[in-house]
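K.L.:
The following file, model27.pdb, comprises PDB, C-alpha atoms, pLDDT in the B column:
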ATOM      1  CA  MET N 427     196.762  90.884 215.322  1.00 41.00           C
ATOM      2  CA  THR N 428     197.066  94.509 216.348  1.00 44.00           C
ATOM      3  CA  PRO N 429     195.690  95.942 219.598  1.00 45.00           C
ATOM      4  CA  ASP N 430     192.154  97.313 219.448  1.00 55.00           C
ATOM      5  CA  SER N 431     190.648  98.283 222.779  1.00 70.00           C
ATOM      6  CA  ALA N 432     187.068  97.715 221.587  1.00 85.00           C
ATOM      7  CA  THR N 433     187.489  94.134 220.366  1.00 95.00           C
ATOM      8  CA  PRO N 434     187.030  91.339 222.938  1.00 98.00           C
ATOM      9  CA  VAL N 435     189.962  89.005 223.532  1.00 98.00           C
ATOM     10  CA  ALA N 436     189.923  85.334 224.532  1.00 98.00           C
ATOM     11  CA  ILE N 437     192.440  82.654 225.414  1.00 98.00           C
ATOM     12  CA  VAL N 438     191.400  79.082 224.582  1.00 98.00           C
ATOM     13  CA  THR N 439     193.771  76.313 225.625  1.00 98.00           C
ATOM     14  CA  GLY N 440     193.887  72.960 223.868  1.00 96.00           C
ATOM     15  CA  ALA N 441     192.498  74.464 220.669  1.00 97.00           C
ATOM     16  CA  SER N 442     194.071  72.303 217.955  1.00 96.00           C
ATOM     17  CA  GLN N 443     191.063  69.976 217.788  1.00 94.00           C
ATOM     18  CA  GLY N 444     187.794  69.016 219.432  1.00 94.00           C
ATOM     19  CA  LEU N 445     185.799  71.426 221.548  1.00 96.00           C
ATOM     20  CA  GLY N 446     188.603  73.974 221.843  1.00 96.00           C
ATOM     21  CA  LEU N 447     188.877  74.313 218.075  1.00 97.00           C
ATOM     22  CA  ALA N 448     185.097  74.413 217.600  1.00 97.00           C
ATOM     23  CA  LEU N 449     184.774  77.230 220.149  1.00 98.00           C
ATOM     24  CA  THR N 450     187.703  79.114 218.625  1.00 98.00           C
ATOM     25  CA  ARG N 451     186.039  79.002 215.218  1.00 98.00           C
ATOM     26  CA  ALA N 452     182.814  80.381 216.687  1.00 98.00           C
ATOM     27  CA  LEU N 453     184.588  83.201 218.517  1.00 98.00           C
ATOM     28  CA  ALA N 454     186.610  84.131 215.440  1.00 98.00           C
ATOM     29  CA  ALA N 455     183.432  84.209 213.341  1.00 97.00           C
ATOM     30  CA  ALA N 456     181.919  86.585 215.906  1.00 97.00           C
ATOM     31  CA  GLY N 457     184.847  88.981 215.575  1.00 97.00           C
ATOM     32  CA  TRP N 458     186.829  88.081 218.682  1.00 98.00           C
ATOM     33  CA  ARG N 459     190.608  88.071 218.837  1.00 98.00           C
ATOM     34  CA  VAL N 460     191.662  84.677 220.176  1.00 98.00           C
ATOM     35  CA  VAL N 461     194.994  83.380 221.466  1.00 98.00           C
ATOM     36  CA  VAL N 462     195.115  79.596 221.286  1.00 98.00           C
ATOM     37  CA  ASP N 463     197.549  76.947 222.407  1.00 98.00           C
ATOM     38  CA  ALA N 464     198.223  73.229 222.078  1.00 97.00           C
ATOM     39  CA  ARG N 465     201.309  71.080 222.456  1.00 95.00           C
ATOM     40  CA  HIS N 466     201.807  70.146 218.802  1.00 95.00           C
ATOM     41  CA  ALA N 467     202.789  73.281 216.919  1.00 96.00           C
ATOM     42  CA  GLU N 468     202.134  72.177 213.347  1.00 96.00           C
ATOM     43  CA  VAL N 469     198.774  70.614 214.193  1.00 96.00           C
ATOM     44  CA  LEU N 470     197.720  73.822 215.947  1.00 97.00           C
ATOM     45  CA  ARG N 471     198.860  76.088 213.129  1.00 96.00           C
ATOM     46  CA  ARG N 472     197.090  74.001 210.501  1.00 96.00           C
ATOM     47  CA  ALA N 473     193.904  73.971 212.564  1.00 96.00           C
ATOM     48  CA  VAL N 474     193.647  77.741 213.053  1.00 97.00           C
ATOM     49  CA  GLY N 475     195.731  79.043 210.156  1.00 93.00           C
ATOM     50  CA  GLY N 476     192.756  80.239 208.118  1.00 91.00           C
ATOM     51  CA  LEU N 477     190.899  81.889 210.990  1.00 97.00           C
ATOM     52  CA  SER N 478     190.845  85.670 211.140  1.00 95.00           C
ATOM     53  CA  GLY N 479     191.975  87.213 214.417  1.00 96.00           C
ATOM     54  CA  VAL N 480     193.408  83.990 215.841  1.00 97.00           C
ATOM     55  CA  ALA N 481     197.025  83.764 217.035  1.00 96.00           C
ATOM     56  CA  ALA N 482     198.644  80.390 217.701  1.00 97.00           C
ATOM     57  CA  ALA N 483     200.989  80.055 220.682  1.00 97.00           C
ATOM     58  CA  PRO N 484     202.016  76.386 220.770  1.00 97.00           C
ATOM     59  CA  GLY N 485     203.342  74.925 223.988  1.00 97.00           C
ATOM     60  CA  ASP N 486     202.672  72.748 227.011  1.00 97.00           C
ATOM     61  CA  ILE N 487     200.202  74.397 229.388  1.00 98.00           C
ATOM     62  CA  ALA N 488     201.878  72.603 232.296  1.00 97.00           C
ATOM     63  CA  GLU N 489     205.098  74.582 231.694  1.00 98.00           C
ATOM     64  CA  PRO N 490     205.444  77.946 233.510  1.00 98.00           C
ATOM     65  CA  ALA N 491     207.338  79.505 230.597  1.00 98.00           C
ATOM     66  CA  HIS N 492     204.492  78.734 228.220  1.00 98.00           C
ATOM     67  CA  ARG N 493     201.888  80.169 230.588  1.00 98.00           C
ATOM     68  CA  ALA N 494     204.014  83.322 230.774  1.00 98.00           C
ATOM     69  CA  GLU N 495     203.988  83.453 226.974  1.00 97.00           C
ATOM     70  CA  LEU N 496     200.188  83.346 226.948  1.00 97.00           C
ATOM     71  CA  ALA N 497     200.039  86.113 229.533  1.00 97.00           C
ATOM     72  CA  ALA N 498     202.454  88.193 227.437  1.00 97.00           C
ATOM     73  CA  ALA N 499     200.210  87.758 224.398  1.00 95.00           C
ATOM     74  CA  VAL N 500     197.314  89.164 226.400  1.00 94.00           C
ATOM     75  CA  GLY N 501     199.483  92.073 227.452  1.00 93.00           C
ATOM     76  CA  THR N 502     200.191  92.843 223.796  1.00 94.00           C
ATOM     77  CA  LEU N 503     196.491  92.816 222.951  1.00 95.00           C
ATOM     78  CA  GLY N 504     195.651  95.056 225.869  1.00 94.00           C
ATOM     79  CA  ARG N 505     192.721  93.215 227.471  1.00 97.00           C
ATOM     80  CA  LEU N 506     191.203  89.829 228.307  1.00 98.00           C
ATOM     81  CA  ASP N 507     187.487  89.103 228.303  1.00 98.00           C
ATOM     82  CA  LEU N 508     187.416  85.300 228.272  1.00 98.00           C
ATOM     83  CA  LEU N 509     189.723  82.582 229.573  1.00 98.00           C
ATOM     84  CA  VAL N 510     188.810  79.018 228.578  1.00 98.00           C
ATOM     85  CA  HIS N 511     190.620  76.127 230.254  1.00 98.00           C
ATOM     86  CA  ASN N 512     189.990  73.388 227.712  1.00 98.00           C
ATOM     87  CA  ALA N 513     193.359  71.592 227.557  1.00 97.00           C
ATOM     88  CA  SER N 514     193.168  68.260 229.371  1.00 95.00           C
ATOM     89  CA  ALA N 515     195.194  65.114 229.956  1.00 94.00           C
ATOM     90  CA  LEU N 516     193.239  61.882 230.091  1.00 92.00           C
ATOM     91  CA  THR N 517     195.850  59.313 231.067  1.00 84.00           C
ATOM     92  CA  GLY N 518     199.131  61.181 231.420  1.00 77.00           C
ATOM     93  CA  SER N 519     200.360  59.474 228.249  1.00 71.00           C
ATOM     94  CA  ASP N 520     199.686  59.799 224.528  1.00 65.00           C
ATOM     95  CA  ARG N 521     199.625  56.032 224.150  1.00 61.00           C
ATOM     96  CA  PRO N 522     196.107  54.716 223.316  1.00 54.00           C
ATOM     97  CA  ARG N 523     195.963  52.073 226.010  1.00 62.00           C
ATOM     98  CA  GLY N 524     192.588  52.593 227.655  1.00 73.00           C
ATOM     99  CA  LEU N 525     191.977  53.688 231.228  1.00 88.00           C
ATOM    100  CA  PRO N 526     193.605  51.826 234.137  1.00 90.00           C
ATOM    101  CA  ALA N 527     191.948  51.029 237.444  1.00 94.00           C
ATOM    102  CA  LEU N 528     193.192  53.191 240.287  1.00 95.00           C
ATOM    103  CA  ALA N 529     194.945  50.164 241.805  1.00 96.00           C
ATOM    104  CA  ASP N 530     197.106  49.987 238.672  1.00 92.00           C
ATOM    105  CA  HIS N 531     197.310  53.674 237.768  1.00 92.00           C
ATOM    106  CA  PRO N 532     200.970  54.772 237.428  1.00 91.00           C
ATOM    107  CA  VAL N 533     201.579  57.583 239.880  1.00 93.00           C
ATOM    108  CA  GLU N 534     203.721  59.451 237.365  1.00 93.00           C
ATOM    109  CA  ASP N 535     200.739  59.490 235.002  1.00 93.00           C
ATOM    110  CA  LEU N 536     198.547  60.862 237.773  1.00 94.00           C
ATOM    111  CA  GLU N 537     201.101  63.602 238.352  1.00 96.00           C
ATOM    112  CA  ARG N 538     200.865  64.594 234.695  1.00 95.00           C
ATOM    113  CA  ILE N 539     197.051  64.503 234.756  1.00 96.00           C
ATOM    114  CA  TYR N 540     196.899  66.772 237.782  1.00 97.00           C
ATOM    115  CA  ALA N 541     199.576  69.077 236.401  1.00 97.00           C
ATOM    116  CA  VAL N 542     197.558  69.678 233.227  1.00 97.00           C
ATOM    117  CA  ASN N 543     193.999  69.473 234.545  1.00 98.00           C
ATOM    118  CA  VAL N 544     194.302  71.197 237.922  1.00 98.00           C
ATOM    119  CA  LEU N 545     197.540  73.069 238.554  1.00 98.00           C
ATOM    120  CA  ALA N 546     197.972  74.601 235.090  1.00 98.00           C
ATOM    121  CA  PRO N 547     194.464  76.142 234.962  1.00 98.00           C
ATOM    122  CA  LEU N 548     194.927  77.633 238.411  1.00 98.00           C
ATOM    123  CA  ALA N 549     198.394  78.959 237.617  1.00 98.00           C
ATOM    124  CA  LEU N 550     197.239  80.543 234.354  1.00 98.00           C
ATOM    125  CA  THR N 551     194.221  82.058 236.094  1.00 98.00           C
ATOM    126  CA  GLN N 552     196.481  83.557 238.739  1.00 98.00           C
ATOM    127  CA  LEU N 553     198.526  85.236 236.007  1.00 98.00           C
ATOM    128  CA  LEU N 554     195.493  86.634 234.209  1.00 98.00           C
ATOM    129  CA  LEU N 555     193.075  87.569 236.990  1.00 98.00           C
ATOM    130  CA  PRO N 556     193.993  91.280 236.863  1.00 97.00           C
ATOM    131  CA  GLU N 557     193.097  91.426 233.162  1.00 97.00           C
ATOM    132  CA  LEU N 558     189.839  89.528 233.703  1.00 98.00           C
ATOM    133  CA  ARG N 559     188.905  91.791 236.598  1.00 97.00           C
ATOM    134  CA  ALA N 560     189.542  94.856 234.457  1.00 97.00           C
ATOM    135  CA  THR N 561     186.892  93.748 231.935  1.00 97.00           C
ATOM    136  CA  GLY N 562     184.491  91.983 234.319  1.00 97.00           C
ATOM    137  CA  GLY N 563     185.293  88.938 232.236  1.00 98.00           C
ATOM    138  CA  THR N 564     184.491  85.252 232.103  1.00 98.00           C
ATOM    139  CA  MET N 565     186.433  82.112 232.925  1.00 98.00           C
ATOM    140  CA  ILE N 566     185.238  78.712 231.708  1.00 98.00           C
ATOM    141  CA  ALA N 567     186.838  75.433 232.789  1.00 98.00           C
ATOM    142  CA  VAL N 568     185.829  72.335 230.834  1.00 98.00           C
ATOM    143  CA  SER N 569     184.898  69.630 233.335  1.00 98.00           C
ATOM    144  CA  SER N 570     183.339  66.174 232.956  1.00 96.00           C
ATOM    145  CA  ASP N 571     180.583  63.993 234.322  1.00 95.00           C
ATOM    146  CA  ALA N 572     183.461  61.834 235.597  1.00 95.00           C
ATOM    147  CA  ALA N 573     184.005  64.567 238.190  1.00 96.00           C
ATOM    148  CA  VAL N 574     180.762  63.597 239.917  1.00 97.00           C
ATOM    149  CA  GLU N 575     180.136  59.985 238.817  1.00 96.00           C
ATOM    150  CA  ALA N 576     182.235  56.946 239.802  1.00 96.00           C
ATOM    151  CA  TYR N 577     183.124  55.216 236.534  1.00 94.00           C
ATOM    152  CA  PRO N 578     185.604  52.330 236.685  1.00 94.00           C
ATOM    153  CA  GLY N 579     188.836  53.365 235.010  1.00 93.00           C
ATOM    154  CA  TRP N 580     188.087  57.073 235.221  1.00 93.00           C
ATOM    155  CA  GLY N 581     189.482  57.676 238.713  1.00 96.00           C
ATOM    156  CA  GLY N 582     192.559  59.644 237.687  1.00 95.00           C
ATOM    157  CA  TYR N 583     190.887  61.915 235.153  1.00 95.00           C
ATOM    158  CA  GLY N 584     187.633  62.174 237.114  1.00 97.00           C
ATOM    159  CA  SER N 585     189.294  63.100 240.390  1.00 98.00           C
ATOM    160  CA  SER N 586     191.331  65.780 238.619  1.00 98.00           C
ATOM    161  CA  LYS N 587     188.158  67.269 237.178  1.00 98.00           C
ATOM    162  CA  ALA N 588     186.514  67.128 240.603  1.00 98.00           C
ATOM    163  CA  ALA N 589     189.448  69.128 241.947  1.00 98.00           C
ATOM    164  CA  LEU N 590     189.066  71.567 239.045  1.00 98.00           C
ATOM    165  CA  ASP N 591     185.358  71.974 239.842  1.00 98.00           C
ATOM    166  CA  GLN N 592     186.225  72.898 243.412  1.00 98.00           C
ATOM    167  CA  LEU N 593     188.836  75.414 242.276  1.00 98.00           C
ATOM    168  CA  VAL N 594     186.219  76.996 240.020  1.00 98.00           C
ATOM    169  CA  ALA N 595     183.700  77.166 242.873  1.00 98.00           C
ATOM    170  CA  VAL N 596     186.181  78.874 245.184  1.00 98.00           C
ATOM    171  CA  LEU N 597     187.401  81.259 242.472  1.00 98.00           C
ATOM    172  CA  ALA N 598     183.785  82.222 241.863  1.00 98.00           C
ATOM    173  CA  ALA N 599     183.235  82.889 245.561  1.00 98.00           C
ATOM    174  CA  GLU N 600     186.415  84.928 245.761  1.00 98.00           C
ATOM    175  CA  ASN N 601     185.681  86.916 242.581  1.00 98.00           C
ATOM    176  CA  PRO N 602     181.990  87.840 242.646  1.00 97.00           C
ATOM    177  CA  ASP N 603     182.486  90.489 239.947  1.00 97.00           C
ATOM    178  CA  LEU N 604     183.517  87.825 237.424  1.00 98.00           C
ATOM    179  CA  HIS N 605     181.579  85.033 235.749  1.00 98.00           C
ATOM    180  CA  VAL N 606     183.381  81.803 236.626  1.00 98.00           C
ATOM    181  CA  TYR N 607     182.057  78.532 235.248  1.00 98.00           C
ATOM    182  CA  ALA N 608     182.777  74.823 235.155  1.00 98.00           C
ATOM    183  CA  VAL N 609     180.940  73.118 232.313  1.00 98.00           C
ATOM    184  CA  ASP N 610     180.369  69.425 231.698  1.00 95.00           C
ATOM    185  CA  PRO N 611     180.171  69.114 227.887  1.00 94.00           C
ATOM    186  CA  GLY N 612     178.943  65.514 227.917  1.00 85.00           C
ATOM    187  CA  ASP N 613     180.253  62.732 225.697  1.00 78.00           C
ATOM    188  CA  MET N 614     181.674  63.931 222.391  1.00 69.00           C
ATOM    189  CA  ASN N 615     183.235  62.375 219.325  1.00 62.00           C
ATOM    190  CA  THR N 616     186.782  63.619 219.976  1.00 66.00           C
ATOM    191  CA  ALA N 617     190.302  62.242 219.810  1.00 70.00           C
ATOM    192  CA  MET N 618     190.546  62.316 223.602  1.00 71.00           C
ATOM    193  CA  HIS N 619     187.330  60.349 224.020  1.00 65.00           C
ATOM    194  CA  GLN N 620     188.583  57.880 221.449  1.00 66.00           C
ATOM    195  CA  GLN N 621     191.748  57.481 223.522  1.00 70.00           C
ATOM    196  CA  ALA N 622     189.583  56.211 226.360  1.00 70.00           C
ATOM    197  CA  PHE N 623     188.051  53.566 224.107  1.00 69.00           C
ATOM    198  CA  PRO N 624     190.829  52.379 221.782  1.00 69.00           C
ATOM    199  CA  GLY N 625     189.551  50.360 218.849  1.00 70.00           C
ATOM    200  CA  GLU N 626     185.883  51.126 219.563  1.00 74.00           C
ATOM    201  CA  ASP N 627     183.493  53.030 217.292  1.00 68.00           C
ATOM    202  CA  ILE N 628     182.470  56.281 219.015  1.00 62.00           C
ATOM    203  CA  SER N 629     180.848  57.838 215.941  1.00 73.00           C
ATOM    204  CA  ASP N 630     177.486  57.869 217.743  1.00 74.00           C
ATOM    205  CA  ARG N 631     178.733  60.593 220.131  1.00 74.00           C
ATOM    206  CA  PRO N 632     177.827  64.207 219.320  1.00 72.00           C
ATOM    207  CA  LEU N 633     180.378  66.294 217.450  1.00 84.00           C
ATOM    208  CA  PRO N 634     182.094  69.050 219.472  1.00 87.00           C
ATOM    209  CA  GLN N 635     180.503  71.864 217.480  1.00 94.00           C
ATOM    210  CA  THR N 636     177.088  70.812 218.776  1.00 94.00           C
ATOM    211  CA  VAL N 637     178.212  71.827 222.279  1.00 94.00           C
ATOM    212  CA  VAL N 638     179.418  75.302 221.275  1.00 96.00           C
ATOM    213  CA  PRO N 639     176.004  77.016 221.648  1.00 96.00           C
ATOM    214  CA  ALA N 640     176.017  75.942 225.308  1.00 96.00           C
ATOM    215  CA  LEU N 641     179.431  77.504 225.845  1.00 97.00           C
ATOM    216  CA  LEU N 642     178.356  80.688 224.102  1.00 97.00           C
ATOM    217  CA  ARG N 643     175.573  81.118 226.651  1.00 97.00           C
ATOM    218  CA  LEU N 644     178.273  81.205 229.314  1.00 97.00           C
ATOM    219  CA  VAL N 645     180.421  83.546 227.230  1.00 97.00           C
ATOM    220  CA  ARG N 646     177.441  85.913 227.107  1.00 96.00           C
ATOM    221  CA  GLN N 647     177.254  85.720 230.918  1.00 96.00           C
ATOM    222  CA  GLU N 648     173.617  84.673 230.810  1.00 93.00           C
ATOM    223  CA  LEU N 649     173.912  82.526 233.944  1.00 96.00           C
ATOM    224  CA  PRO N 650     175.373  82.941 237.427  1.00 96.00           C
ATOM    225  CA  SER N 651     178.778  81.523 238.219  1.00 98.00           C
ATOM    226  CA  GLY N 652     178.847  77.817 239.012  1.00 97.00           C
ATOM    227  CA  ARG N 653     178.879  74.364 237.472  1.00 98.00           C
ATOM    228  CA  HIS N 654     176.635  73.734 234.457  1.00 97.00           C
ATOM    229  CA  ARG N 655     175.886  70.817 232.144  1.00 96.00           C
ATOM    230  CA  ALA N 656     175.937  71.505 228.423  1.00 95.00           C
ATOM    231  CA  ALA N 657     172.850  69.320 227.995  1.00 93.00           C
ATOM    232  CA  ASP N 658     170.877  71.611 230.301  1.00 94.00           C
ATOM    233  CA  LEU N 659     172.166  74.745 228.583  1.00 94.00           C
ATOM    234  CA  LEU N 660     171.276  73.364 225.157  1.00 92.00           C
ATOM    235  CA  ALA N 661     167.830  72.305 226.323  1.00 90.00           C
ATOM    236  CA  ALA N 662     167.153  75.895 227.371  1.00 79.00           C
ATOM    237  CA  VAL N 663     168.286  77.158 223.968  1.00 70.00           C
ATOM    238  CA  THR N 664     165.882  74.863 222.103  1.00 67.00           C
ATOM    239  CA  ALA N 665     162.947  75.151 224.538  1.00 56.00           C
TER     240      ALA N 665
END
Could the structure of this file be written out as structure tokens, please?
P.N.:
Amino acid sequence: MTPDSATPVAIVTGASQGLGLALTRALAAAGWRVVVDARHAEVLRRAVGGLSGVAAAPGDIAEPAHRAELAAAVGTLGRLDLLVHNASALTGSDRPRGLPALADHPVEDLERIYAVNVLAPLALTQLLLPELRATGGTMIAVSSDAAVEAYPGWGGYGSSKAALDQLVAVLAAENPDLHVYAVDPGDMNTAMHQQAFPGEDISDRPLPQTVVPALLRLVRQELPSGRHRAADLLAAVTA
């Protein structure tokens, strides 16, 4: 990708599959330049390899060096209009073992969950706020209903998303010239959701691409900063 000051630029984290990939495809189709990341390099490159205007920057969002790489990519492109914090850790482990009760939740797994779901989004935002302010841009953090509902087994992930919601709310208050959103996408048929229910059939959940129109309403800055549910955003689209 070569710099073009008129073309909007986005960063989407966790874009090798699921909602991140579905949103990346939509942005690319609309002519955006998109920088994407995910931990598994080959999976990421295969996922976005055929998309025009999309650059893959594989790495672990919890690592400072990787966040610096993403910021450098933005510097090369010359602007940033949209920052999407989609990368998430459900259990702190890639092993499909279900969700433990808080009484049994390994603390080291909680540390990983919070590193990915809370600290990394804030740290990346801190790096990129000047670029977002320059364009009057948008930040979207993917949250969860587990941030506001008490589901057994979801205490680690849900509490991290609750913390993320609060960070978003404060960032919005501190940056009134930006559009800063947390969005609850609802249940989806994704690999991460399957990890929460190993061995179960989750094919009845909506596919991630069905949620993209809700996110695009936020990308278009149609709503004030704050926390939104995709179901409500989609209902307004179809009303």
K.L.:
Residues at most 9 Å from N:Val461, counting all atoms listed in the file, excluding those fewer than 2 positions away in the same chain, as a list in words?
P.N.:
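So, after excluding close chain neighbours, the residues are Val435, Ala436, Ile437, Val438, Thr439, Thr450, Arg459, Asp463, Gly479, Val480, Ala481, Ala482, Ala483, Leu496, Ala499 and Val500 of chain N.
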K.L.:
Restricting the calculation to all atoms listed in the file: of N:Gly612, N:Pro484, N:Gly563, N:Gly584, which residue gets closest to N:Ala464?
P.N.:
N:Pro484
K.L.:
With distances taken over all atoms listed in the file, which of N:Ala494, N:Leu509, N:Leu644, N:Ala549 is nearest to N:Thr561?
P.N.:
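Of the candidates, the smallest distance to N:Thr561 is held by N:Leu509.
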K.L.:
Output the residue selection produced by the PyMOL selection byres ((chain N and resi 650) around 9) on the file above, formatted as number ranges by chain.
P.N.:
N: 605-607, 644, 647-649, 651-652
K.L.:
Quick one: residues within 6 Å of N:Ser569, all atoms listed in the file counted, chain neighbours fewer than 4 positions away excluded, as a PyMOL selection string?
P.N.:
chain N and resi 587+608-610
K.L.:
Smallest atom-to-atom distance to N:Pro547: which of N:Pro490, N:Pro634, N:Gly504, N:Pro602, using all atoms listed in the file?
P.N.:
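Closest to N:Pro547, using all atoms listed in the file: N:Pro490.
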K.L.:
Using only C-alpha atoms, determine which residues lie at most 12 Å from stretch 532-538 of chain N, disregarding the query and same-chain residues fewer than 3 positions distant; provide the list as JSON, numbers by chain.
P.N.:
{"N": [486, 487, 488, 489, 514, 515, 516, 517, 518, 519, 520, 521, 525, 526, 527, 528, 529, 541, 542, 543, 544, 545, 546, 580, 581, 582, 583, 584, 585, 586]}
K.L.:
Expressed in Å to a single decimal, how great is the separation between atom CA of N:Leu659 and atom CA of N:Leu641?
P.N.:
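We find that atom CA of N:Leu659 and atom CA of N:Leu641 lie 8.2 Å from each other.
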